[in-house]
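**Q** Supplied in structure tokens, the structure appears directly below.
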Amino acid sequence: MMPGYLDYLPLVTLGALTGCIAFKLVFGLVTGGCLGPVKFCPECGFEGQGKIVLRGSLRLEILLWLLGIFPGIAYSVWRVSATERVCSRCYHRVLLPVDSLPAQDARRAREQRIRRETQGG
Ligand SMILES: [Zn+2]
């Protein structure tokens, strides 16, 4: 009996997936480290590149991999494809481009609020 290519499919899939995750992580580290656009966090006023995080949980991912290769692959692919940039300080999910109008409005509103609070009221 000839070994069909299906015998190698899990291995090939796993290899491709590992490559994909490694690429995403390295890319994320590079762009998150020095090449990402500067963002403004309306929640805490942080300005910077933010942080790239994976969605979901690693524990659930490991559990799904233990249950079987296909749920594991599905979840891993979703996690990797759903990376998002969050605030490095407060992990707020909505970051605005630093020069955009909403960011300027949010910054002004924040500064006014802080001024009110520090002047006592
Ligand atoms: Zn923040």
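By convention in this document, the chains of the structure tokens carry letters A, B, ... by their order, each chain's residues are numbered from 1, and ligands are numbered from 1 in the order they are shown.
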Taking the chain letters and numbering used in this document, name the residues of chain A that DSSP puts in strand (DSSP E or B), as a PyMOL selection string.
**A** chain A and resi 39-40+47-48+51-53+84-86+96-97
**Q** Considering only C-alpha atoms and all ligand atoms, give me a table of residues in chain A that are at most 9 Å from ligand 1, with the closest atom pair and distance in Å for each, as a Markdown table.
**A**
| residue | atom | partner | partner_atom_place_in_ligand_line | distance |
| --- | --- | --- | --- | --- |
| A:Phe40 | CA | ligand 1 | 1 (Zn) | 7.9 |
| A:Cys41 | CA | ligand 1 | 1 (Zn) | 4.7 |
| A:Pro42 | CA | ligand 1 | 1 (Zn) | 6.7 |
| A:Glu43 | CA | ligand 1 | 1 (Zn) | 5.0 |
| A:Cys44 | CA | ligand 1 | 1 (Zn) | 4.1 |
| A:Gly45 | CA | ligand 1 | 1 (Zn) | 6.0 |
| A:Phe46 | CA | ligand 1 | 1 (Zn) | 5.2 |
| A:Glu47 | CA | ligand 1 | 1 (Zn) | 8.3 |
| A:Gly50 | CA | ligand 1 | 1 (Zn) | 8.6 |
| A:Val86 | CA | ligand 1 | 1 (Zn) | 7.9 |
| A:Cys87 | CA | ligand 1 | 1 (Zn) | 4.6 |
| A:Ser88 | CA | ligand 1 | 1 (Zn) | 6.6 |
| A:Arg89 | CA | ligand 1 | 1 (Zn) | 5.1 |
| A:Cys90 | CA | ligand 1 | 1 (Zn) | 4.1 |
| A:Tyr91 | CA | ligand 1 | 1 (Zn) | 5.9 |
| A:His92 | CA | ligand 1 | 1 (Zn) | 5.2 |
| A:Arg93 | CA | ligand 1 | 1 (Zn) | 8.3 |
| A:Val94 | CA | ligand 1 | 1 (Zn) | 8.8 |
| A:Leu95 | CA | ligand 1 | 1 (Zn) | 8.1 |
**Q** So the first atom is atom CA of Ile114 of chain A and the second is atom CA of Pro97 of chain A; what is the distance between them in Å, to one decimal place?
**A**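 Answer for the atom CA of Ile114 of chain A to atom CA of Pro97 of chain A separation: 21.7 Å.
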**Q** Can you list, as a short mmCIF file (atom, residue, chain, number, x, y, z; two decimals) with N, CA and C atoms, in the first residue's frame, every protein, DNA or RNA residue that comes within 9 Å of segment 55-72 of chain A when you count only C-alpha atoms, leaving out same-chain residues fewer than 3 positions away?
**A**
data_model
loop_
_atom_site.label_atom_id
_atom_site.label_comp_id
_atom_site.auth_asym_id
_atom_site.auth_seq_id
_atom_site.Cartn_x
_atom_site.Cartn_y
_atom_site.Cartn_z
N PRO A 10 -1.54 16.12 8.70
CA PRO A 10 -1.44 16.74 10.03
C PRO A 10 -0.07 17.37 10.27
N LEU A 14 0.57 21.27 10.80
CA LEU A 14 1.22 21.71 12.03
C LEU A 14 2.43 22.58 11.72
N TYR A 75 -8.73 26.83 16.63
CA TYR A 75 -8.60 27.86 17.66
C TYR A 75 -7.30 28.65 17.48
N SER A 76 -6.22 27.92 17.17
CA SER A 76 -4.93 28.60 16.98
C SER A 76 -4.98 29.56 15.82
N VAL A 77 -5.62 29.12 14.72
CA VAL A 77 -5.72 29.98 13.55
C VAL A 77 -6.52 31.23 13.90
N TRP A 78 -7.61 31.05 14.64
CA TRP A 78 -8.43 32.20 15.04
C TRP A 78 -7.61 33.16 15.91
N ARG A 79 -6.86 32.59 16.85
CA ARG A 79 -6.07 33.44 17.76
C ARG A 79 -5.05 34.26 16.99
N VAL A 80 -4.34 33.56 16.08
CA VAL A 80 -3.28 34.23 15.35
C VAL A 80 -3.85 35.28 14.40
N ALA A 82 -6.50 36.93 14.86
CA ALA A 82 -7.23 37.97 15.58
C ALA A 82 -6.33 38.75 16.52
N THR A 83 -5.06 38.91 16.18
CA THR A 83 -4.19 39.72 17.02
C THR A 83 -4.67 41.16 16.99
N GLU A 84 -4.48 41.86 18.06
CA GLU A 84 -4.89 43.25 18.09
C GLU A 84 -3.88 44.08 18.86
#
